[in-house]
$ cat my_file.cif   # mmCIF, C-alpha atoms
data_run
loop_
_atom_site.label_atom_id
_atom_site.label_comp_id
_atom_site.auth_asym_id
_atom_site.auth_seq_id
_atom_site.Cartn_x
_atom_site.Cartn_y
_atom_site.Cartn_z
CA MET A 1 0.00 0.00 0.00
CA THR A 2 1.37 3.39 -0.89
CA GLN A 3 0.35 6.62 0.66
CA ASP A 4 0.95 10.21 -0.36
CA SER A 5 -0.35 12.96 1.81
CA ALA A 6 2.48 15.49 1.76
CA ALA A 7 2.11 18.77 -0.01
CA GLY A 8 4.14 19.70 -3.07
CA ASP A 9 3.75 19.60 -6.84
CA ARG A 10 4.55 16.26 -8.40
CA ARG A 11 3.04 13.80 -10.78
CA LEU A 12 2.29 10.18 -10.10
CA SER A 13 0.46 7.30 -11.62
CA ASP A 14 -1.73 5.21 -9.37
CA GLY A 15 -3.79 3.16 -11.77
CA PHE A 16 -6.36 5.90 -12.27
CA GLY A 17 -4.07 7.74 -14.66
CA GLU A 18 -1.36 10.30 -14.12
CA VAL A 19 -2.34 13.14 -11.82
CA GLU A 20 -0.72 16.22 -10.47
CA MET A 21 -0.57 16.71 -6.72
CA SER A 22 -0.22 20.07 -5.11
CA SER A 23 -2.20 19.61 -1.93
CA PRO A 24 -2.81 17.05 0.78
CA ASP A 25 -4.05 14.27 -1.41
CA LEU A 26 -4.52 10.73 -0.20
CA PHE A 27 -3.69 7.85 -2.49
CA LEU A 28 -4.00 4.24 -1.40
CA ASP A 29 -3.47 1.29 -3.67
CA ALA A 30 -6.09 -1.44 -3.66
CA THR A 31 -5.31 -4.67 -1.85
CA SER A 32 -7.24 -7.91 -1.82
CA ALA A 33 -9.20 -6.61 1.17
CA THR A 34 -9.21 -2.84 0.72
CA PRO A 35 -10.36 -0.53 -2.07
CA ALA A 36 -8.16 1.80 -4.10
CA VAL A 37 -8.56 5.31 -2.73
CA ARG A 38 -7.86 8.51 -4.56
CA ALA A 39 -8.65 11.63 -2.59
CA ASP A 40 -7.87 14.53 -4.89
CA TRP A 41 -7.89 17.81 -3.00
CA ARG A 42 -7.64 20.01 -6.07
CA ALA A 43 -10.48 18.20 -7.86
CA GLY A 44 -12.56 18.03 -4.68
CA CYS A 45 -13.15 14.38 -5.32
CA LEU A 46 -12.75 11.23 -3.26
CA ARG A 47 -12.89 8.07 -5.33
CA MET A 48 -12.96 4.57 -3.86
CA VAL A 49 -12.92 1.46 -6.04
CA GLY A 50 -12.94 -2.18 -4.99
CA GLU A 51 -13.93 -4.22 -1.99
CA SER A 52 -13.45 -3.51 1.69
CA TYR A 53 -13.14 -6.16 4.34
CA PRO A 54 -9.85 -5.41 6.14
CA GLU A 55 -9.01 -6.95 9.49
CA ASN A 56 -8.53 -3.48 10.91
CA THR A 57 -11.00 -1.09 9.34
CA TYR A 58 -9.63 1.92 11.23
CA GLU A 59 -6.24 1.60 9.57
CA ILE A 60 -7.68 2.67 6.25
CA PHE A 61 -10.86 4.54 7.14
CA ASP A 62 -9.32 6.78 9.79
CA GLN A 63 -7.16 8.33 7.07
CA ILE A 64 -10.12 8.73 4.75
CA ILE A 65 -12.40 10.23 7.38
CA THR A 66 -9.65 12.61 8.47
CA TRP A 67 -9.15 13.69 4.86
CA VAL A 68 -12.90 14.24 4.40
CA GLU A 69 -13.15 16.24 7.63
CA LEU A 70 -10.15 18.34 6.64
CA PHE A 71 -11.50 19.02 3.17
CA LEU A 72 -14.96 19.96 4.42
CA ALA A 73 -13.49 22.25 7.06
CA GLN A 74 -10.81 23.94 4.97
CA ALA A 75 -11.31 23.65 1.24
CA GLY A 76 -14.39 25.80 1.03
CA ARG A 77 -15.43 23.94 -2.10
CA PRO A 78 -17.92 21.17 -2.88
CA LEU A 79 -16.81 17.61 -2.17
CA ARG A 80 -17.80 14.78 -4.46
CA LEU A 81 -17.51 11.09 -3.57
CA GLU A 82 -17.35 8.54 -6.37
CA LEU A 83 -17.81 5.08 -4.94
CA GLU A 84 -17.49 1.83 -6.80
CA LEU A 85 -17.58 -0.58 -3.91
CA ASN A 86 -18.63 -4.11 -4.67
CA TYR A 87 -18.49 -5.45 -1.15
CA LEU A 88 -18.17 -3.93 2.32
CA ASN A 89 -17.93 -5.80 5.59
CA THR A 90 -19.91 -4.56 8.57
CA SER A 91 -17.09 -2.39 9.96
CA SER A 92 -16.57 -0.80 6.55
CA ILE A 93 -20.30 -0.13 6.28
CA ARG A 94 -20.16 1.65 9.62
CA ALA A 95 -17.17 3.69 8.45
CA MET A 96 -18.99 4.67 5.24
CA ILE A 97 -21.98 5.78 7.32
CA ASP A 98 -19.53 7.89 9.37
CA ILE A 99 -18.32 9.53 6.16
CA PHE A 100 -21.85 10.12 4.88
CA ASP A 101 -22.84 11.61 8.24
CA ARG A 102 -20.02 14.13 7.88
CA LEU A 103 -21.21 15.00 4.38
CA GLN A 104 -24.71 15.51 5.77
CA GLU A 105 -23.40 17.79 8.52
CA ALA A 106 -21.47 19.78 5.90
CA HIS A 107 -24.52 19.91 3.65
CA ASP A 108 -26.63 21.16 6.57
CA ALA A 109 -23.99 23.82 7.22
CA GLY A 110 -24.13 24.97 3.59
CA VAL A 111 -21.08 23.14 2.19
CA PRO A 112 -22.17 21.26 -0.95
CA ALA A 113 -21.42 17.54 -0.86
CA SER A 114 -22.48 14.77 -3.19
CA VAL A 115 -22.11 11.04 -3.65
CA VAL A 116 -22.17 9.00 -6.84
CA TRP A 117 -22.73 5.33 -6.05
CA LEU A 118 -21.61 3.30 -9.05
CA TYR A 119 -22.66 -0.31 -9.25
CA ASP A 120 -21.82 -3.12 -11.63
CA ALA A 121 -24.56 -3.25 -14.28
CA ARG A 122 -24.21 -7.05 -14.28
CA ASN A 123 -25.22 -7.15 -10.64
CA PRO A 124 -28.22 -4.82 -10.23
CA ARG A 125 -28.74 -5.99 -6.67
CA SER A 126 -25.71 -3.95 -5.66
CA ALA A 127 -27.82 -0.88 -6.49
CA GLU A 128 -29.95 -1.85 -3.50
CA MET A 129 -26.96 -1.25 -1.26
CA GLY A 130 -26.71 2.30 -2.58
CA GLU A 131 -30.42 2.73 -1.89
CA GLU A 132 -29.93 1.58 1.69
CA PHE A 133 -27.01 3.93 2.23
CA ARG A 134 -28.86 6.86 0.66
CA GLU A 135 -31.78 6.58 3.05
CA ASP A 136 -32.02 9.46 5.56
CA TYR A 137 -29.56 11.74 3.72
CA THR A 138 -30.63 14.93 1.99
CA PHE A 139 -27.44 15.74 0.06
CA ALA A 140 -27.19 14.69 -3.60
CA PHE A 141 -26.76 10.91 -3.69
CA THR A 142 -26.83 9.46 -7.20
CA ILE A 143 -26.96 5.73 -7.94
CA ALA A 144 -25.75 4.78 -11.41
CA ALA A 145 -24.97 1.59 -13.29
CA GLN A 146 -21.41 1.08 -14.43
CA ASP A 147 -20.84 -0.96 -17.60
CA HIS A 148 -17.78 -3.19 -17.70
CA MET B 1 -62.05 8.76 57.76
CA THR B 2 -63.58 6.01 55.75
CA ASP B 3 -60.56 5.49 53.54
CA SER B 4 -59.35 1.96 54.21
CA GLY B 5 -56.42 2.18 51.79
CA PRO B 6 -52.77 2.49 52.82
CA ALA B 7 -51.98 5.74 54.64
CA ASP B 8 -50.27 8.40 52.51
CA PRO B 9 -47.48 9.86 54.75
CA GLN B 10 -47.62 13.26 53.03
CA ARG B 11 -51.37 13.45 53.43
CA LEU B 12 -51.15 12.46 57.11
CA ASP B 13 -48.51 15.11 57.64
CA ARG B 14 -50.71 17.72 55.97
CA CYS B 15 -53.68 16.76 58.16
CA ARG B 16 -51.59 17.02 61.30
CA GLY B 17 -50.34 20.44 60.22
CA GLU B 18 -53.86 21.71 59.53
CA ALA B 19 -55.06 20.37 62.93
CA LEU B 20 -52.15 22.14 64.66
CA GLU B 21 -52.87 25.43 62.87
CA LEU B 22 -56.51 25.14 63.89
CA ARG B 23 -55.58 24.49 67.52
CA VAL B 24 -53.13 27.41 67.64
CA ALA B 25 -55.70 29.69 66.04
CA GLU B 26 -58.23 28.68 68.71
CA LEU B 27 -55.68 29.36 71.47
CA LEU B 28 -54.87 32.80 70.08
CA ALA B 29 -58.55 33.61 69.74
CA ASP B 30 -59.24 32.67 73.35
CA PRO B 31 -59.32 35.97 75.38
CA THR B 32 -58.51 34.12 78.59
CA HIS B 33 -54.90 33.66 77.37
CA GLU B 34 -54.33 37.31 76.66
CA GLY B 35 -51.65 38.73 78.95
CA ASP B 36 -49.82 35.39 78.99
CA PRO B 37 -46.23 36.11 77.74
CA LEU B 38 -46.37 32.90 75.74
CA TRP B 39 -49.52 34.13 73.94
CA GLN B 40 -47.65 37.10 72.47
CA ALA B 41 -44.62 34.87 71.55
CA LEU B 42 -46.98 32.43 69.82
CA ARG B 43 -48.72 35.30 68.05
CA ASP B 44 -45.33 36.59 66.77
CA PHE B 45 -44.32 33.09 65.71
CA VAL B 46 -47.51 32.54 63.71
CA ASP B 47 -47.07 35.91 61.99
CA HIS B 48 -43.47 34.98 61.13
CA MET B 49 -44.58 31.63 59.68
CA ALA B 50 -47.22 33.33 57.55
CA HIS B 51 -44.60 35.73 56.24
CA GLN B 52 -42.23 32.85 55.35
CA VAL B 53 -45.00 30.94 53.59
CA ALA B 54 -45.86 34.02 51.55
CA ARG B 55 -42.17 34.36 50.56
CA LEU B 56 -42.00 30.76 49.48
CA GLU B 57 -45.14 31.16 47.40
CA ARG B 58 -43.55 34.14 45.63
CA ILE B 59 -40.24 32.39 45.05
CA SER B 60 -41.61 29.04 43.87
CA PRO B 61 -42.97 30.18 40.46
CA MET B 62 -39.73 32.06 39.78
CA ALA B 63 -37.70 28.90 40.48
CA ASP B 64 -39.93 26.92 38.13
CA ARG B 65 -39.27 29.43 35.36
CA SER B 66 -35.48 29.53 35.78
CA PRO B 67 -33.70 27.44 33.08
CA SER B 68 -32.29 24.08 34.18
CA PRO B 69 -29.64 22.46 31.96
CA TRP B 70 -30.76 18.94 32.74
CA PRO B 71 -33.88 18.51 30.55
CA GLU B 72 -31.97 19.84 27.56
CA ARG B 73 -28.99 17.57 28.26
CA VAL B 74 -31.22 14.56 28.70
CA GLN B 75 -33.00 15.36 25.46
CA HIS B 76 -29.67 15.81 23.67
CA LEU B 77 -28.41 12.47 24.98
CA SER B 78 -31.68 10.81 24.06
CA GLN B 79 -31.43 12.16 20.51
CA ARG B 80 -27.82 10.98 20.23
CA PHE B 81 -28.85 7.58 21.51
CA ASP B 82 -31.67 7.36 18.95
CA ARG B 83 -29.30 8.43 16.18
CA GLN B 84 -26.75 5.78 17.15
CA ILE B 85 -29.46 3.12 17.27
CA ASN B 86 -30.62 4.18 13.79
CA ARG B 87 -27.04 4.02 12.48
CA LEU B 88 -26.56 0.61 14.01
CA GLU B 89 -29.81 -0.70 12.54
CA LYS B 90 -28.87 0.71 9.14
CA ALA B 91 -25.42 -0.92 9.24
CA ILE B 92 -26.97 -4.25 10.23
CA ARG B 93 -29.58 -3.97 7.47
CA ILE B 94 -26.94 -3.25 4.81
CA SER B 95 -24.65 -5.96 6.17
CA ASP B 96 -27.48 -8.49 6.02
CA ARG B 97 -28.14 -7.55 2.41
CA TYR B 98 -24.48 -8.06 1.51
CA GLN B 99 -24.60 -11.40 3.31
CA THR B 100 -27.62 -12.47 1.27
CA ILE B 101 -25.92 -11.47 -1.97
CA LEU B 102 -22.75 -13.34 -0.95
CA ASN B 103 -24.73 -16.44 -0.07
CA ASP B 104 -26.50 -16.33 -3.44
CA LEU B 105 -23.17 -15.87 -5.21
CA ASN B 106 -21.71 -18.81 -3.31
CA ARG B 107 -24.63 -20.98 -4.34
CA ALA B 108 -24.29 -19.84 -7.95
CA LEU B 109 -20.54 -20.59 -7.89
CA GLU B 110 -21.15 -23.98 -6.35
CA ASP B 111 -23.75 -24.71 -9.00
CA ALA B 112 -21.47 -23.47 -11.78
CA SER B 113 -18.61 -25.63 -10.54
CA SER B 114 -20.74 -28.77 -10.43
CA HIS B 115 -23.06 -28.34 -13.42
CA ASP B 116 -22.69 -28.11 -17.16
CA SER B 117 -23.52 -24.58 -18.27
CA LEU B 118 -25.11 -25.66 -21.56
CA THR B 119 -27.44 -28.44 -20.47
CA GLY B 120 -27.76 -27.71 -16.76
CA LEU B 121 -26.93 -31.34 -16.01
CA PRO B 122 -24.33 -32.25 -13.38
CA ASN B 123 -20.83 -32.15 -14.88
CA ARG B 124 -18.21 -34.88 -15.03
CA SER B 125 -16.51 -33.82 -11.81
CA PHE B 126 -19.76 -33.85 -9.84
CA MET B 127 -20.73 -37.21 -11.33
CA ALA B 128 -17.34 -38.74 -10.51
CA ASP B 129 -17.86 -37.68 -6.88
CA CYS B 130 -21.32 -39.26 -6.89
CA CYS B 131 -19.91 -42.51 -8.30
CA GLU B 132 -17.11 -42.57 -5.71
CA ARG B 133 -19.63 -42.08 -2.92
CA GLU B 134 -21.67 -44.92 -4.36
CA ASP B 135 -18.56 -47.16 -4.42
CA GLU B 136 -17.89 -46.31 -0.76
CA ARG B 137 -21.49 -47.07 0.15
CA LEU B 138 -21.27 -50.44 -1.54
CA VAL B 139 -18.32 -51.40 0.66
CA ARG B 140 -20.74 -51.31 3.61
CA ASP B 141 -24.06 -52.20 1.94
CA THR B 142 -24.97 -55.30 0.00
CA THR B 143 -26.61 -53.40 -2.80
CA THR B 144 -25.64 -52.49 -6.36
CA TYR B 145 -25.87 -49.84 -9.05
CA CYS B 146 -25.81 -49.57 -12.80
CA LEU B 147 -24.07 -47.10 -15.05
CA LEU B 148 -25.55 -46.10 -18.39
CA ALA B 149 -23.03 -44.71 -20.87
CA ILE B 150 -25.13 -42.71 -23.32
CA ASP B 151 -23.90 -41.21 -26.57
CA ALA B 152 -25.75 -39.11 -29.15
CA ASP B 153 -25.81 -40.92 -32.48
CA ARG B 154 -24.18 -39.25 -35.49
CA PHE B 155 -23.79 -36.03 -33.53
CA LYS B 156 -20.89 -34.86 -35.68
CA LEU B 157 -23.17 -35.11 -38.69
CA ILE B 158 -25.80 -32.96 -36.93
CA ASN B 159 -23.14 -30.35 -36.10
CA ASP B 160 -21.73 -30.39 -39.62
CA THR B 161 -25.15 -30.27 -41.28
CA TYR B 162 -27.03 -27.83 -39.07
CA GLY B 163 -24.25 -25.94 -37.29
CA HIS B 164 -22.99 -25.94 -33.72
CA GLU B 165 -25.82 -23.81 -32.37
CA THR B 166 -28.32 -26.41 -33.51
CA GLY B 167 -26.02 -29.10 -32.13
CA ASP B 168 -26.22 -27.35 -28.77
CA GLN B 169 -30.02 -27.30 -28.99
CA VAL B 170 -29.96 -31.04 -29.63
CA LEU B 171 -27.80 -31.60 -26.56
CA ILE B 172 -30.15 -29.49 -24.44
CA ALA B 173 -33.19 -31.43 -25.72
CA LEU B 174 -31.43 -34.73 -25.01
CA ALA B 175 -30.48 -33.61 -21.52
CA ASN B 176 -34.09 -32.65 -20.74
CA SER B 177 -35.25 -35.98 -22.09
CA PHE B 178 -32.74 -37.88 -19.92
CA GLN B 179 -33.85 -36.00 -16.84
CA GLN B 180 -37.42 -37.07 -17.50
CA SER B 181 -36.41 -40.68 -18.09
CA ILE B 182 -34.33 -41.45 -15.00
CA ARG B 183 -35.86 -42.27 -11.65
CA GLU B 184 -36.13 -40.01 -8.60
CA GLY B 185 -32.70 -40.04 -6.94
CA ASP B 186 -30.79 -41.12 -10.07
CA TYR B 187 -28.16 -38.86 -11.59
CA CYS B 188 -27.48 -38.11 -15.22
CA ALA B 189 -24.42 -36.02 -16.09
CA ARG B 190 -22.84 -34.61 -19.19
CA TRP B 191 -19.70 -36.73 -19.22
CA GLY B 192 -18.08 -34.90 -22.12
CA GLY B 193 -19.00 -33.68 -25.61
CA GLU B 194 -22.09 -35.60 -26.68
CA GLU B 195 -21.57 -38.33 -24.12
CA PHE B 196 -23.65 -38.64 -20.97
CA LEU B 197 -23.49 -40.94 -17.96
CA ALA B 198 -26.40 -42.03 -15.78
CA LEU B 199 -25.95 -43.50 -12.32
CA LEU B 200 -28.86 -45.65 -11.22
CA ALA B 201 -28.34 -46.36 -7.52
CA GLY B 202 -29.76 -49.68 -6.27
CA ALA B 203 -30.67 -50.77 -9.82
CA ASP B 204 -29.82 -54.19 -11.22
CA LEU B 205 -29.72 -54.84 -14.96
CA SER B 206 -33.43 -55.52 -15.05
CA ALA B 207 -34.27 -52.14 -13.50
CA ALA B 208 -31.65 -50.45 -15.67
CA THR B 209 -33.14 -51.80 -18.90
CA ARG B 210 -36.52 -50.38 -17.91
CA VAL B 211 -34.91 -46.96 -17.52
CA ALA B 212 -33.03 -47.42 -20.82
CA ASP B 213 -36.25 -48.37 -22.62
CA ARG B 214 -37.94 -45.25 -21.29
CA LEU B 215 -34.93 -43.15 -22.19
CA LEU B 216 -34.79 -44.42 -25.78
CA ALA B 217 -38.53 -43.90 -26.19
CA ASN B 218 -38.35 -40.33 -24.89
CA VAL B 219 -35.42 -39.53 -27.18
CA ARG B 220 -37.29 -40.95 -30.17
CA ALA B 221 -40.12 -38.55 -29.36
CA ILE B 222 -37.83 -35.52 -29.82
CA HIS B 223 -38.51 -33.63 -33.05
CA LEU B 224 -36.60 -30.39 -33.28
CA PRO B 225 -37.84 -28.05 -36.00
CA HIS B 226 -35.20 -26.67 -38.33
CA GLU B 227 -35.31 -24.65 -41.53
CA LYS B 228 -33.94 -27.67 -43.34
CA GLY B 229 -36.57 -29.94 -41.79
CA TRP B 230 -36.94 -31.86 -38.57
CA ILE B 231 -34.08 -33.12 -36.47
CA ASN B 232 -34.79 -36.44 -34.81
CA PRO B 233 -31.84 -37.26 -32.59
CA ARG B 234 -31.11 -40.78 -31.40
CA VAL B 235 -28.82 -42.21 -28.75
CA SER B 236 -26.98 -45.45 -28.06
CA ILE B 237 -26.59 -46.79 -24.55
CA GLY B 238 -24.18 -49.19 -22.88
CA ILE B 239 -25.26 -50.60 -19.54
CA ALA B 240 -23.10 -52.21 -16.87
CA GLN B 241 -23.90 -53.32 -13.35
CA HIS B 242 -21.46 -52.95 -10.50
CA GLN B 243 -19.73 -56.18 -9.50
CA ALA B 244 -18.28 -56.88 -6.08
CA GLY B 245 -14.87 -55.26 -5.58
CA GLU B 246 -15.14 -52.99 -8.61
CA SER B 247 -14.71 -49.25 -8.66
CA TYR B 248 -16.98 -47.09 -10.79
CA ARG B 249 -14.11 -46.65 -13.27
CA GLU B 250 -14.18 -50.36 -14.07
CA VAL B 251 -17.98 -50.35 -14.27
CA TYR B 252 -17.77 -47.36 -16.60
CA ARG B 253 -15.22 -49.12 -18.83
CA ARG B 254 -17.62 -52.05 -19.24
CA ALA B 255 -20.56 -49.72 -19.89
CA ASP B 256 -18.45 -47.88 -22.48
CA SER B 257 -17.59 -51.19 -24.19
CA ALA B 258 -21.29 -52.06 -24.28
CA LEU B 259 -21.96 -48.61 -25.75
CA LEU B 260 -19.45 -49.28 -28.52
CA GLU B 261 -21.20 -52.58 -29.17
CA ALA B 262 -24.56 -50.74 -29.41
CA LYS B 263 -23.00 -48.42 -32.00
CA LEU B 264 -21.61 -51.34 -33.94
CA GLN B 265 -24.99 -53.04 -33.90
CA GLY B 266 -26.60 -50.08 -35.64
CA ARG B 267 -27.14 -47.40 -32.93
CA ASP B 268 -30.43 -46.27 -31.38
CA ARG B 269 -30.42 -49.13 -28.88
CA TYR B 270 -28.91 -50.29 -25.63
CA VAL B 271 -26.54 -53.18 -25.04
CA LEU B 272 -26.01 -54.81 -21.68
CA ASP B 273 -22.57 -55.72 -20.50
CA SER B 274 -23.41 -59.11 -19.07
CA PRO B 275 -22.27 -62.66 -19.60
CA GLY B 276 -25.21 -63.28 -21.90
CA GLY B 277 -25.09 -59.80 -23.41
CA GLY B 278 -28.42 -58.31 -24.35
CA GLU B 279 -29.92 -55.60 -26.44
CA ASN B 280 -33.20 -54.05 -27.22
CA PRO B 281 -34.59 -53.77 -30.72
CA PRO B 282 -34.33 -50.38 -32.39
CA GLY B 283 -37.53 -48.38 -32.44
#
$ encode --input "my_file.cif" --output "structure tokens"
Amino acid sequence: MTQDSAAGDRRLSDGFGEVEMSSPDLFLDATSATPAVRADWRAGCLRMVGESYPENTYEIFDQIITWVELFLAQAGRPLRLELELNYLNTSSIRAMIDIFDRLQEAHDAGVPASVVWLYDARNPRSAEMGEEFREDYTFAFTIAAQDH
Amino acid sequence: MTDSGPADPQRLDRCRGEALELRVAELLADPTHEGDPLWQALRDFVDHMAHQVARLERISPMADRSPSPWPERVQHLSQRFDRQINRLEKAIRISDRYQTILNDLNRALEDASSHDSLTGLPNRSFMADCCEREDERLVRDTTTYCLLAIDADRFKLINDTYGHETGDQVLIALANSFQQSIREGDYCARWGGEEFLALLAGADLSAATRVADRLLANVRAIHLPHEKGWINPRVSIGIAQHQAGESYREVYRRADSALLEAKLQGRDRYVLDSPGGGENPPG
């Protein structure tokens, strides 16, 4: 797993394509039990792709939640989450709810936040998970099929 | 008092207080006590009490109106508790849904690993396991089984003439026909290509020939429409019964030899692998 959270202009390739970093971004490579994470400060976008069932959920989600909190508190710009998560264990579900709760708090405080829940078009039942997560939130939460 | 219920201590206290006030008021009103130094002291004391009661009555509503932090804190905690319960229930609900999807996927994978995707019949690996279990059972039980090696007649010709897609349709129709022909508890698998294997547990040759007769008849009833006409598939069957000490591989080899014999004899029939041999007439 690689992690980049230091400031400074540089370019790197992480599987999502080459990107330029000039702010506290967070990049985590996918493992067999954790999703790839690309938190792009400049783009105001947090993208997570893969599955999440790590032994220690806090190891990965603490960093993500901290990044989200920091962005919402300091960036002064909308935050967009793009999630392509095929499977989450119970601890990861709880962590995602923590993240969504922070988006809701930001939304209530006037900071725009949105989620795009992408699911595999071959497995429409995974859209139901997005529906379950979306319940109770009033910020923009889009559920869309992803063709492979 | 006619109340026979349990005495309320506060009410009793109030009654005693009222009785005392009444008695003191009577004493103060009695002119015979005037001039007694205690009378004046009692008079002053009663006036003082009345003044204190009046103060309390003024203060009490003000105290009620003054803000207390506790109701608000309790409400805040109660709301946080409700929110946490909702979050927990939501996480459980989502987790349960994932679990259901995983279970379904596991079942689908299990099915895919044990069944032929074209015909839906058990595959060779699954059938081999069934046969091995049957061999193990026969070590303990004095029973038997028969294997039917079934092969589609002139299948290459069907493929070459009508194309592989039609060939697949023929295999599917045959598989459905086999499923309808075997008995409850029997297995029929796609053994490979156009070859199938049926395991008839507990069946001797006599029972197996009844199944084979039914199977041939059902296959002969298949008429698949095609732009070039009708396709009427046929099958040949070799039948072998398990002998003491044999493994299913040896039984299969004998059934396969009987199948070859059925082909040599003109197809569309079964041949028994038995000392006396045996075959059924073509339909």
$ resolve_selection --input "my_file.cif" --expression "the PyMOL selection byres ((chain B) within 10 of (chain A))" --output "PDB file with C-alpha atoms, keeping the file's coordinate frame"
ATOM      1  CA  ASN B  86     -30.620   4.180  13.790  1.00  0.00           C
ATOM      2  CA  ARG B  87     -27.040   4.020  12.480  1.00  0.00           C
ATOM      3  CA  LEU B  88     -26.560   0.610  14.010  1.00  0.00           C
ATOM      4  CA  LYS B  90     -28.870   0.710   9.140  1.00  0.00           C
ATOM      5  CA  ALA B  91     -25.420  -0.920   9.240  1.00  0.00           C
ATOM      6  CA  ILE B  92     -26.970  -4.250  10.230  1.00  0.00           C
ATOM      7  CA  ARG B  93     -29.580  -3.970   7.470  1.00  0.00           C
ATOM      8  CA  ILE B  94     -26.940  -3.250   4.810  1.00  0.00           C
ATOM      9  CA  SER B  95     -24.650  -5.960   6.170  1.00  0.00           C
ATOM     10  CA  ASP B  96     -27.480  -8.490   6.020  1.00  0.00           C
ATOM     11  CA  ARG B  97     -28.140  -7.550   2.410  1.00  0.00           C
ATOM     12  CA  TYR B  98     -24.480  -8.060   1.510  1.00  0.00           C
ATOM     13  CA  GLN B  99     -24.600 -11.400   3.310  1.00  0.00           C
ATOM     14  CA  ILE B 101     -25.920 -11.470  -1.970  1.00  0.00           C
ATOM     15  CA  LEU B 102     -22.750 -13.340  -0.950  1.00  0.00           C
TER      16      LEU B 102
END
$ resolve_selection --input "my_file.cif" --expression "the PyMOL selection byres ((chain A and resi 66) around 12)" --output "list in words"
Ser5, Pro24, Asp25, Leu26, Ala39, Tyr58, Glu59, Ile60, Phe61, Asp62, Gln63, Ile64, Ile65, Trp67, Val68, Glu69, Leu70, Phe71, Leu72, Ala73, Gln74, Ala95, Asp98, Ile99 and Arg102 of chain A
$ atom_distance --input "my_file.cif" --atom1 "atom CA of Glu134 of chain B" --atom2 "atom CA of Pro122 of chain B"
15.8 Å
$ residues_around --input "my_file.cif" --residues "segment 140-154 of chain B" --least-positions-apart "6" --cutoff "6 Å" --atoms "only C-alpha atoms" --output "number ranges by chain"
B: 194-203, 234-242, 255-256
$ atom_distance --input "my_file.cif" --atom1 "atom CA of Ser114 of chain A" --atom2 "atom CA of Met48 of chain A"
14.0 Å
$ resolve_selection --input "my_file.cif" --expression "the PyMOL selection byres ((chain A and resi 142-146) around 10)" --output "NGL selection string"
:A and (82-84 or 114-124 or 126-131 or 134 or 139-141 or 147-148)
$ atom_distance --input "my_file.cif" --atom1 "atom CA of His223 of chain B" --atom2 "atom CA of Gly185 of chain B"
27.5 Å
$ residues_around --input "my_file.cif" --residues "Ala36 of chain A" --least-positions-apart "2" --cutoff "12 Å" --atoms "all atoms listed in the file" --output "ChimeraX atom specification"
/A:1-3,14-16,26-34,38-39,46-52,60-61,64,82-85
$ residues_near_point --input "my_file.cif" --point "(-19.6, -44.3, -9.3)" --cutoff "9 Å" --atoms "only C-alpha atoms" --output "NGL selection string"
:B and (127-136 or 145-147 or 199 or 242 or 247-249 or 251-252)
$ residues_around --input "my_file.cif" --residues "Gln169 of chain B" --least-positions-apart "3" --cutoff "12 Å" --atoms "only C-alpha atoms" --output "PDB file with C-alpha atoms, keeping the file's coordinate frame"
ATOM      1  CA  LEU B 118     -25.110 -25.660 -21.560  1.00  0.00           C
ATOM      2  CA  THR B 119     -27.440 -28.440 -20.470  1.00  0.00           C
ATOM      3  CA  PHE B 155     -23.790 -36.030 -33.530  1.00  0.00           C
ATOM      4  CA  ILE B 158     -25.800 -32.960 -36.930  1.00  0.00           C
ATOM      5  CA  ASN B 159     -23.140 -30.350 -36.100  1.00  0.00           C
ATOM      6  CA  TYR B 162     -27.030 -27.830 -39.070  1.00  0.00           C
ATOM      7  CA  GLY B 163     -24.250 -25.940 -37.290  1.00  0.00           C
ATOM      8  CA  HIS B 164     -22.990 -25.940 -33.720  1.00  0.00           C
ATOM      9  CA  GLU B 165     -25.820 -23.810 -32.370  1.00  0.00           C
ATOM     10  CA  THR B 166     -28.320 -26.410 -33.510  1.00  0.00           C
ATOM     11  CA  ILE B 172     -30.150 -29.490 -24.440  1.00  0.00           C
ATOM     12  CA  ALA B 173     -33.190 -31.430 -25.720  1.00  0.00           C
ATOM     13  CA  LEU B 174     -31.430 -34.730 -25.010  1.00  0.00           C
ATOM     14  CA  ALA B 175     -30.480 -33.610 -21.520  1.00  0.00           C
ATOM     15  CA  ASN B 176     -34.090 -32.650 -20.740  1.00  0.00           C
ATOM     16  CA  GLU B 194     -22.090 -35.600 -26.680  1.00  0.00           C
ATOM     17  CA  ILE B 222     -37.830 -35.520 -29.820  1.00  0.00           C
ATOM     18  CA  HIS B 223     -38.510 -33.630 -33.050  1.00  0.00           C
ATOM     19  CA  LEU B 224     -36.600 -30.390 -33.280  1.00  0.00           C
ATOM     20  CA  PRO B 225     -37.840 -28.050 -36.000  1.00  0.00           C
ATOM     21  CA  HIS B 226     -35.200 -26.670 -38.330  1.00  0.00           C
ATOM     22  CA  ILE B 231     -34.080 -33.120 -36.470  1.00  0.00           C
ATOM     23  CA  ASN B 232     -34.790 -36.440 -34.810  1.00  0.00           C
ATOM     24  CA  PRO B 233     -31.840 -37.260 -32.590  1.00  0.00           C
TER      25      PRO B 233
END
$ residues_around --input "my_file.cif" --residues "Ala212 of chain B" --least-positions-apart "3" --cutoff "9 Å" --atoms "all atoms listed in the file" --output "short mmCIF file (atom, residue, chain, number, x, y, z; two decimals) with C-alpha atoms, keeping the file's coordinate frame"
data_model
loop_
_atom_site.label_atom_id
_atom_site.label_comp_id
_atom_site.auth_asym_id
_atom_site.auth_seq_id
_atom_site.Cartn_x
_atom_site.Cartn_y
_atom_site.Cartn_z
CA LEU B 148 -25.55 -46.10 -18.39
CA SER B 181 -36.41 -40.68 -18.09
CA ILE B 182 -34.33 -41.45 -15.00
CA ALA B 207 -34.27 -52.14 -13.50
CA ALA B 208 -31.65 -50.45 -15.67
CA THR B 209 -33.14 -51.80 -18.90
CA LEU B 215 -34.93 -43.15 -22.19
CA LEU B 216 -34.79 -44.42 -25.78
CA ALA B 217 -38.53 -43.90 -26.19
CA ILE B 237 -26.59 -46.79 -24.55
CA ILE B 239 -25.26 -50.60 -19.54
CA ARG B 269 -30.42 -49.13 -28.88
CA TYR B 270 -28.91 -50.29 -25.63
#
